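What follows is final.txt (compact mmCIF, N, CA and C atoms).
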```
# COMPACT_ATOMS: atom_id res chain seq x y z
N MET A 1366 92.70 97.62 96.40
CA MET A 1366 93.48 98.51 95.57
C MET A 1366 94.95 98.11 95.67
N GLN A 1367 95.59 97.83 94.57
CA GLN A 1367 96.94 97.33 94.57
C GLN A 1367 97.98 98.38 94.92
N GLY A 1368 97.69 99.66 94.80
CA GLY A 1368 98.67 100.69 95.11
C GLY A 1368 99.10 100.66 96.56
N ALA A 1369 98.26 100.13 97.44
CA ALA A 1369 98.57 100.08 98.86
C ALA A 1369 99.33 98.82 99.23
N VAL A 1370 99.42 97.84 98.32
CA VAL A 1370 100.12 96.59 98.58
C VAL A 1370 101.60 96.79 98.29
N ASP A 1371 102.46 96.09 99.05
CA ASP A 1371 103.90 96.15 98.81
C ASP A 1371 104.18 95.46 97.49
N THR A 1372 104.53 96.23 96.47
CA THR A 1372 104.76 95.70 95.14
C THR A 1372 106.23 95.84 94.77
N LYS A 1373 106.64 95.00 93.81
CA LYS A 1373 108.00 95.06 93.30
C LYS A 1373 107.96 95.00 91.79
N VAL A 1374 108.86 95.69 91.16
CA VAL A 1374 108.95 95.69 89.71
C VAL A 1374 109.83 94.53 89.28
N LEU A 1375 109.38 93.79 88.28
CA LEU A 1375 110.15 92.66 87.77
C LEU A 1375 111.27 93.14 86.85
N SER A 1376 110.98 94.16 86.02
CA SER A 1376 111.97 94.68 85.07
C SER A 1376 111.78 96.19 84.92
N TYR A 1377 112.86 96.93 85.03
CA TYR A 1377 112.80 98.39 84.91
C TYR A 1377 112.99 98.87 83.48
N ASP A 1378 113.02 97.99 82.50
CA ASP A 1378 113.28 98.37 81.12
C ASP A 1378 112.33 99.45 80.60
N ASN A 1379 111.06 99.36 80.91
CA ASN A 1379 110.07 100.30 80.38
C ASN A 1379 109.73 101.44 81.33
N VAL A 1380 110.50 101.61 82.40
CA VAL A 1380 110.20 102.64 83.40
C VAL A 1380 110.70 104.01 82.97
N TRP A 1381 111.84 104.06 82.30
CA TRP A 1381 112.54 105.33 82.12
C TRP A 1381 111.85 106.30 81.18
N ALA A 1382 111.28 105.85 80.07
CA ALA A 1382 110.64 106.78 79.12
C ALA A 1382 109.46 107.51 79.76
N PRO A 1383 108.49 106.82 80.39
CA PRO A 1383 107.40 107.57 81.00
C PRO A 1383 107.87 108.42 82.19
N SER A 1384 108.86 107.93 82.94
CA SER A 1384 109.38 108.72 84.07
C SER A 1384 109.99 110.02 83.58
N LEU A 1385 110.76 109.95 82.50
CA LEU A 1385 111.37 111.16 81.94
C LEU A 1385 110.32 112.11 81.39
N ALA A 1386 109.30 111.57 80.72
CA ALA A 1386 108.24 112.43 80.17
C ALA A 1386 107.48 113.15 81.28
N ILE A 1387 107.11 112.43 82.31
CA ILE A 1387 106.39 113.05 83.43
C ILE A 1387 107.31 114.03 84.15
N GLY A 1388 108.55 113.65 84.37
CA GLY A 1388 109.52 114.54 85.03
C GLY A 1388 109.76 115.81 84.23
N PHE A 1389 109.88 115.67 82.91
CA PHE A 1389 110.07 116.85 82.07
C PHE A 1389 108.89 117.80 82.17
N GLY A 1390 107.68 117.23 82.17
CA GLY A 1390 106.48 118.08 82.33
C GLY A 1390 106.48 118.79 83.67
N MET A 1391 106.95 118.11 84.71
CA MET A 1391 107.03 118.72 86.04
C MET A 1391 108.09 119.83 86.06
N ILE A 1392 109.22 119.63 85.40
CA ILE A 1392 110.25 120.67 85.35
C ILE A 1392 109.70 121.92 84.67
N ILE A 1393 108.99 121.74 83.57
CA ILE A 1393 108.38 122.88 82.87
C ILE A 1393 107.42 123.61 83.79
N ALA A 1394 106.55 122.86 84.47
CA ALA A 1394 105.58 123.47 85.38
C ALA A 1394 106.29 124.22 86.51
N LEU A 1395 107.30 123.60 87.10
CA LEU A 1395 108.04 124.25 88.19
C LEU A 1395 108.80 125.47 87.70
N TYR A 1396 109.35 125.39 86.50
CA TYR A 1396 110.10 126.53 85.96
C TYR A 1396 109.20 127.75 85.80
N PHE A 1397 108.03 127.55 85.21
CA PHE A 1397 107.15 128.69 84.96
C PHE A 1397 106.38 129.14 86.20
N ALA A 1398 106.11 128.23 87.11
CA ALA A 1398 105.29 128.58 88.28
C ALA A 1398 106.10 128.85 89.54
N GLY A 1399 107.29 128.27 89.66
CA GLY A 1399 107.93 128.34 90.95
C GLY A 1399 109.31 128.95 91.02
N ILE A 1400 109.98 129.11 89.88
CA ILE A 1400 111.35 129.63 89.93
C ILE A 1400 111.33 131.14 89.78
N LYS A 1401 111.99 131.82 90.70
CA LYS A 1401 112.11 133.28 90.65
C LYS A 1401 113.32 133.61 89.80
N LYS A 1402 113.06 134.05 88.58
CA LYS A 1402 114.14 134.28 87.62
C LYS A 1402 115.02 135.46 87.98
N SER A 1403 114.54 136.38 88.80
CA SER A 1403 115.33 137.54 89.18
C SER A 1403 116.29 137.22 90.32
N ASN A 1404 116.09 136.09 90.93
CA ASN A 1404 116.92 135.69 92.06
C ASN A 1404 118.31 135.28 91.57
N GLU A 1405 119.34 135.63 92.32
CA GLU A 1405 120.71 135.29 91.94
C GLU A 1405 120.99 133.79 92.04
N SER A 1406 120.22 133.07 92.81
CA SER A 1406 120.45 131.63 92.99
C SER A 1406 119.55 130.78 92.10
N ILE A 1407 119.38 131.18 90.86
CA ILE A 1407 118.51 130.44 89.95
C ILE A 1407 119.03 129.02 89.68
N VAL A 1408 120.35 128.85 89.68
CA VAL A 1408 120.92 127.51 89.45
C VAL A 1408 120.50 126.57 90.57
N GLY A 1409 120.55 127.03 91.80
CA GLY A 1409 120.13 126.21 92.93
C GLY A 1409 118.65 125.85 92.83
N GLN A 1410 117.83 126.81 92.41
CA GLN A 1410 116.41 126.55 92.24
C GLN A 1410 116.16 125.51 91.15
N ILE A 1411 116.93 125.59 90.07
CA ILE A 1411 116.76 124.64 88.97
C ILE A 1411 117.20 123.23 89.42
N ILE A 1412 118.27 123.15 90.18
CA ILE A 1412 118.72 121.84 90.68
C ILE A 1412 117.65 121.23 91.57
N ILE A 1413 117.07 122.02 92.46
CA ILE A 1413 116.00 121.51 93.32
C ILE A 1413 114.79 121.09 92.49
N ALA A 1414 114.45 121.87 91.47
CA ALA A 1414 113.32 121.53 90.59
C ALA A 1414 113.57 120.21 89.86
N VAL A 1415 114.80 119.99 89.41
CA VAL A 1415 115.13 118.74 88.70
C VAL A 1415 115.01 117.55 89.65
N VAL A 1416 115.50 117.69 90.88
CA VAL A 1416 115.39 116.59 91.85
C VAL A 1416 113.92 116.28 92.15
N ILE A 1417 113.13 117.31 92.38
CA ILE A 1417 111.70 117.11 92.64
C ILE A 1417 111.01 116.46 91.44
N ALA A 1418 111.32 116.95 90.25
CA ALA A 1418 110.70 116.42 89.03
C ALA A 1418 111.08 114.96 88.80
N ALA A 1419 112.33 114.61 89.06
CA ALA A 1419 112.77 113.22 88.87
C ALA A 1419 112.04 112.29 89.83
N ALA A 1420 111.96 112.69 91.09
CA ALA A 1420 111.25 111.87 92.08
C ALA A 1420 109.77 111.76 91.73
N TYR A 1421 109.17 112.86 91.34
CA TYR A 1421 107.75 112.86 90.98
C TYR A 1421 107.52 112.00 89.73
N GLY A 1422 108.38 112.11 88.73
CA GLY A 1422 108.23 111.34 87.50
C GLY A 1422 108.32 109.85 87.76
N PHE A 1423 109.31 109.42 88.54
CA PHE A 1423 109.48 108.00 88.85
C PHE A 1423 108.31 107.50 89.70
N GLY A 1424 107.98 108.22 90.76
CA GLY A 1424 106.89 107.79 91.64
C GLY A 1424 105.55 107.73 90.93
N SER A 1425 105.28 108.73 90.11
CA SER A 1425 104.01 108.74 89.36
C SER A 1425 103.94 107.58 88.38
N THR A 1426 105.05 107.31 87.71
CA THR A 1426 105.08 106.20 86.76
C THR A 1426 104.77 104.88 87.47
N MET A 1427 105.40 104.67 88.61
CA MET A 1427 105.18 103.42 89.34
C MET A 1427 103.73 103.30 89.83
N GLN A 1428 103.16 104.40 90.31
CA GLN A 1428 101.77 104.36 90.78
C GLN A 1428 100.79 104.15 89.63
N ILE A 1429 100.97 104.87 88.54
CA ILE A 1429 100.09 104.72 87.38
C ILE A 1429 100.14 103.27 86.88
N ASN A 1430 101.34 102.72 86.81
CA ASN A 1430 101.54 101.36 86.30
C ASN A 1430 100.79 100.32 87.12
N SER A 1431 100.79 100.46 88.45
CA SER A 1431 100.15 99.42 89.27
C SER A 1431 98.70 99.74 89.63
N VAL A 1432 98.38 100.97 89.97
CA VAL A 1432 97.03 101.29 90.43
C VAL A 1432 96.00 101.11 89.31
N PHE A 1433 96.34 101.47 88.09
CA PHE A 1433 95.39 101.38 86.98
C PHE A 1433 95.52 100.09 86.17
N ASP A 1434 96.31 99.15 86.65
CA ASP A 1434 96.53 97.89 85.95
C ASP A 1434 95.30 96.99 86.11
N GLN A 1435 94.65 96.68 84.99
CA GLN A 1435 93.49 95.80 85.00
C GLN A 1435 93.82 94.41 84.46
N SER A 1436 95.11 94.13 84.25
CA SER A 1436 95.49 92.82 83.70
C SER A 1436 95.23 91.71 84.72
N LYS A 1437 94.97 90.52 84.20
CA LYS A 1437 94.77 89.36 85.05
C LYS A 1437 96.14 88.86 85.49
N PRO A 1438 96.33 88.61 86.80
CA PRO A 1438 97.66 88.17 87.25
C PRO A 1438 97.97 86.74 86.84
N GLN A 1439 99.26 86.50 86.55
CA GLN A 1439 99.77 85.14 86.44
C GLN A 1439 100.19 84.77 87.85
N VAL A 1440 99.80 83.59 88.31
CA VAL A 1440 100.08 83.18 89.67
C VAL A 1440 101.20 82.13 89.67
N PHE A 1441 102.21 82.38 90.50
CA PHE A 1441 103.34 81.48 90.65
C PHE A 1441 103.48 81.11 92.12
N ASN A 1442 104.17 80.02 92.38
CA ASN A 1442 104.47 79.61 93.75
C ASN A 1442 105.94 79.87 94.04
N ALA A 1443 106.21 80.34 95.25
CA ALA A 1443 107.58 80.53 95.72
C ALA A 1443 107.65 80.00 97.14
N MET A 1444 108.80 79.44 97.50
CA MET A 1444 108.98 78.92 98.84
C MET A 1444 109.72 79.95 99.69
N VAL A 1445 109.32 80.06 100.95
CA VAL A 1445 110.02 80.90 101.90
C VAL A 1445 111.27 80.14 102.33
N THR A 1446 112.46 80.66 101.98
CA THR A 1446 113.71 79.97 102.30
C THR A 1446 114.35 80.50 103.58
N ASN A 1447 113.96 81.69 103.99
CA ASN A 1447 114.49 82.27 105.23
C ASN A 1447 113.60 83.46 105.58
N ARG A 1448 113.80 83.98 106.77
CA ARG A 1448 113.08 85.18 107.20
C ARG A 1448 113.89 85.85 108.29
N HIS A 1449 113.72 87.18 108.39
CA HIS A 1449 114.43 87.92 109.43
C HIS A 1449 113.75 89.26 109.68
N ILE A 1450 114.11 89.87 110.79
CA ILE A 1450 113.56 91.16 111.20
C ILE A 1450 114.72 92.15 111.28
N THR A 1451 114.51 93.35 110.74
CA THR A 1451 115.51 94.40 110.89
C THR A 1451 114.94 95.50 111.78
N HIS A 1452 115.83 96.10 112.56
CA HIS A 1452 115.45 97.18 113.47
C HIS A 1452 116.26 98.41 113.12
N GLY A 1453 115.64 99.53 113.17
CA GLY A 1453 116.28 100.82 112.92
C GLY A 1453 115.31 101.88 113.39
N LYS A 1454 115.00 102.83 112.52
CA LYS A 1454 113.97 103.81 112.87
C LYS A 1454 112.61 103.13 112.99
N SER A 1455 112.48 102.02 112.28
CA SER A 1455 111.26 101.21 112.39
C SER A 1455 111.66 99.74 112.32
N THR A 1456 110.74 98.88 112.65
CA THR A 1456 110.97 97.44 112.57
C THR A 1456 110.36 96.94 111.26
N THR A 1457 111.17 96.18 110.49
CA THR A 1457 110.71 95.67 109.21
C THR A 1457 110.83 94.15 109.22
N TYR A 1458 109.81 93.49 108.69
CA TYR A 1458 109.73 92.04 108.67
C TYR A 1458 109.98 91.57 107.24
N HIS A 1459 110.98 90.69 107.07
CA HIS A 1459 111.42 90.25 105.74
C HIS A 1459 111.23 88.76 105.56
N LEU A 1460 110.82 88.38 104.35
CA LEU A 1460 110.79 86.98 103.93
C LEU A 1460 111.73 86.85 102.75
N ILE A 1461 112.52 85.80 102.72
CA ILE A 1461 113.38 85.50 101.58
C ILE A 1461 112.67 84.40 100.79
N LEU A 1462 112.41 84.68 99.52
CA LEU A 1462 111.68 83.74 98.66
C LEU A 1462 112.61 83.09 97.65
N SER A 1463 112.29 81.85 97.29
CA SER A 1463 113.03 81.14 96.25
C SER A 1463 112.71 81.78 94.90
N GLU A 1464 113.44 81.35 93.88
CA GLU A 1464 113.13 81.83 92.54
C GLU A 1464 111.77 81.28 92.12
N TRP A 1465 111.12 81.98 91.21
CA TRP A 1465 109.79 81.59 90.76
C TRP A 1465 109.58 82.13 89.34
N GLY A 1466 108.82 81.44 88.53
CA GLY A 1466 108.46 81.91 87.19
C GLY A 1466 109.61 82.53 86.44
N GLN A 1467 109.44 83.80 86.05
CA GLN A 1467 110.45 84.53 85.28
C GLN A 1467 111.50 85.18 86.17
N HIS A 1468 111.36 85.05 87.45
CA HIS A 1468 112.26 85.67 88.41
C HIS A 1468 113.26 84.60 88.87
N HIS A 1469 114.47 84.64 88.33
CA HIS A 1469 115.43 83.56 88.53
C HIS A 1469 116.46 83.85 89.62
N GLU A 1470 116.03 84.50 90.66
CA GLU A 1470 116.91 84.75 91.81
C GLU A 1470 116.05 84.82 93.06
N SER A 1471 116.67 84.63 94.21
CA SER A 1471 115.91 84.74 95.45
C SER A 1471 115.52 86.20 95.65
N ASP A 1472 114.52 86.41 96.47
CA ASP A 1472 113.97 87.75 96.63
C ASP A 1472 113.74 88.03 98.11
N ASN A 1473 114.14 89.20 98.56
CA ASN A 1473 113.92 89.65 99.93
C ASN A 1473 112.76 90.63 99.90
N ILE A 1474 111.62 90.24 100.45
CA ILE A 1474 110.45 91.12 100.45
C ILE A 1474 110.09 91.51 101.87
N SER A 1475 109.52 92.69 102.03
CA SER A 1475 109.04 93.10 103.34
C SER A 1475 107.54 92.85 103.41
N VAL A 1476 107.09 92.40 104.57
CA VAL A 1476 105.69 92.05 104.78
C VAL A 1476 105.22 92.64 106.11
N SER A 1477 103.94 92.57 106.35
CA SER A 1477 103.40 93.05 107.62
C SER A 1477 103.82 92.13 108.76
N GLU A 1478 103.80 92.65 109.97
CA GLU A 1478 104.16 91.86 111.13
C GLU A 1478 103.25 90.64 111.27
N ALA A 1479 101.95 90.85 111.08
CA ALA A 1479 100.99 89.75 111.22
C ALA A 1479 101.27 88.64 110.20
N PHE A 1480 101.54 89.01 108.96
CA PHE A 1480 101.81 88.02 107.92
C PHE A 1480 103.13 87.30 108.21
N TYR A 1481 104.13 88.03 108.67
CA TYR A 1481 105.43 87.45 109.01
C TYR A 1481 105.28 86.30 110.00
N TYR A 1482 104.47 86.52 111.02
CA TYR A 1482 104.31 85.49 112.05
C TYR A 1482 103.39 84.34 111.63
N GLN A 1483 102.66 84.51 110.52
CA GLN A 1483 101.83 83.42 110.00
C GLN A 1483 102.63 82.46 109.11
N VAL A 1484 103.75 82.95 108.57
CA VAL A 1484 104.51 82.20 107.56
C VAL A 1484 105.78 81.63 108.18
N GLN A 1485 106.04 80.38 107.90
CA GLN A 1485 107.24 79.71 108.39
C GLN A 1485 108.18 79.40 107.22
N VAL A 1486 109.46 79.20 107.52
CA VAL A 1486 110.41 78.77 106.49
C VAL A 1486 109.92 77.44 105.93
N GLY A 1487 109.93 77.32 104.60
CA GLY A 1487 109.42 76.13 103.93
C GLY A 1487 108.01 76.30 103.41
N SER A 1488 107.31 77.35 103.84
CA SER A 1488 105.95 77.61 103.36
C SER A 1488 105.97 78.00 101.89
N GLN A 1489 104.88 77.66 101.20
CA GLN A 1489 104.69 78.08 99.82
C GLN A 1489 103.80 79.32 99.80
N LEU A 1490 104.22 80.34 99.07
CA LEU A 1490 103.42 81.56 98.90
C LEU A 1490 103.04 81.73 97.45
N LYS A 1491 101.94 82.41 97.22
CA LYS A 1491 101.50 82.71 95.86
C LYS A 1491 101.99 84.11 95.48
N ILE A 1492 102.65 84.19 94.32
CA ILE A 1492 103.14 85.45 93.77
C ILE A 1492 102.26 85.80 92.59
N ASP A 1493 101.69 87.00 92.59
CA ASP A 1493 100.87 87.47 91.47
C ASP A 1493 101.70 88.41 90.61
N LEU A 1494 101.93 88.02 89.36
CA LEU A 1494 102.67 88.82 88.40
C LEU A 1494 101.67 89.47 87.46
N LYS A 1495 101.76 90.81 87.33
CA LYS A 1495 100.84 91.54 86.46
C LYS A 1495 101.61 92.27 85.38
N LYS A 1496 100.94 92.53 84.26
CA LYS A 1496 101.56 93.15 83.09
C LYS A 1496 101.93 94.61 83.34
N GLY A 1497 101.07 95.36 84.00
CA GLY A 1497 101.31 96.78 84.24
C GLY A 1497 100.64 97.65 83.18
N THR A 1498 100.01 98.72 83.61
CA THR A 1498 99.35 99.65 82.69
C THR A 1498 100.34 100.21 81.67
N LEU A 1499 101.56 100.48 82.08
CA LEU A 1499 102.59 101.05 81.21
C LEU A 1499 103.55 99.97 80.70
N ASN A 1500 103.10 98.72 80.74
CA ASN A 1500 103.89 97.57 80.28
C ASN A 1500 105.17 97.40 81.10
N ILE A 1501 105.08 97.69 82.39
CA ILE A 1501 106.18 97.48 83.34
C ILE A 1501 105.73 96.34 84.25
N PRO A 1502 106.23 95.12 84.03
CA PRO A 1502 105.77 93.99 84.84
C PRO A 1502 106.11 94.17 86.31
N TRP A 1503 105.13 93.86 87.17
CA TRP A 1503 105.30 94.02 88.61
C TRP A 1503 104.60 92.86 89.30
N TYR A 1504 104.95 92.66 90.58
CA TYR A 1504 104.37 91.54 91.31
C TYR A 1504 104.20 91.87 92.78
N TYR A 1505 103.40 91.02 93.42
CA TYR A 1505 103.19 91.14 94.85
C TYR A 1505 102.87 89.76 95.41
N VAL A 1506 103.05 89.61 96.69
CA VAL A 1506 102.76 88.35 97.38
C VAL A 1506 101.32 88.41 97.87
N GLU A 1507 100.55 87.36 97.59
CA GLU A 1507 99.19 87.30 98.13
C GLU A 1507 99.28 87.12 99.64
N GLN A 1508 98.60 88.00 100.37
CA GLN A 1508 98.63 87.93 101.84
C GLN A 1508 97.25 87.68 102.38
```
Could the structure of this file be written out as structure tokens, please?
Amino acid sequence: MQGAVDTKVLSYDNVWAPSLAIGFGMIIALYFAGIKKSNESIVGQIIIAVVIAAAYGFGSTMQINSVFDQSKPQVFNAMVTNRHITHGKSTTYHLILSEWGQHHESDNISVSEAFYYQVQVGSQLKIDLKKGTLNIPWYYVEQ
């Protein structure tokens, strides 16, 4: 299932219309089901509802686009040009990839610890580019 894979969007051009539509539906649902209209702080409730709806709209759009995508991936090769580990609340393993296919800039991707230690600088990785259910192109590294 691709929804569990670390994915990246190639272009956000087609993200905003479905995100706004889903978010607007969520605002309507929250307004009628969750906002207490007699409360003096209705503005605060509406602001919270808008923030929740925006996050839900964007997240739902991204999940629908990748999880239900049945398109055949275009496969490209990218070279690992560097790698590093960041520490904070958690440890994250990063690979820096060369440009590939339609992606004309280097890319910093996060990968699992096991995959990080399998890949060396100079290695070639396969990048799978998919069309997206909502026509939002996205990609992931084959691991």
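Going from atom N of A:Thr1457 over to atom C of A:Lys1373, you cover 19.0 Å.
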So that I can check the secondary structure, give me every residue of stretch 1370-1442 of chain A assigned helix (DSSP H, G or I) by backbone DSSP, as a PyMOL selection string. chain A and resi 1381-1399+1407-1432
Here atom CA of A:Phe1389 and atom C of A:Thr1498 stand apart by 19.3 Å
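Take the candidates A:Ala1386, A:Ile1474, A:Ala1479, A:Leu1490 and check each one against A:Phe1423 using only C-alpha atoms; the shortest distance goes to A:Ala1386.
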Determine which residues of stretch 1438-1500 of chain A DSSP labels as strand (DSSP E) from the backbone of this structure, then write them out as a VMD selection string. chain A and resid 1439 to 1452 1456 to 1462 1472 to 1476 1489 to 1495
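The space between atom CA of A:Val1416 and atom C of A:Pro1383 spans 14.7 Å.
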Which residues are near A:Asn1442? Cut-off 8 Å, all atoms listed in the file, ignore same chain within fewer than 3 positions. Put them as a ChimeraX atom specification. /A:1439,1445,1463-1466,1489-1493
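Using all atoms listed in the file, the protein and nucleic acid residues lying no more than 5 Å from A:Leu1494, apart from those fewer than 6 places from it along its own chain, are A:Pro1438, A:Gln1439, A:Trp1503, A:Tyr1504.
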Distance query A:Val1476 at most 7 Å, only N, CA and C atoms, self and fewer than 4 positions along chain excluded, as a VMD selection string: chain A and resid 1457 to 1460 1480 to 1481
Report the centre and edge lengths, in Å to one decimal, of an axis-aligned box enclosing every atom of stretch 1445-1462 of chain A listed in the file, padded by 4 Å on each side, as JSON.
```
{"center_x": 112.8, "center_y": 91.9, "center_z": 105.6, "size_x": 15.0, "size_y": 31.8, "size_z": 23.8}
```
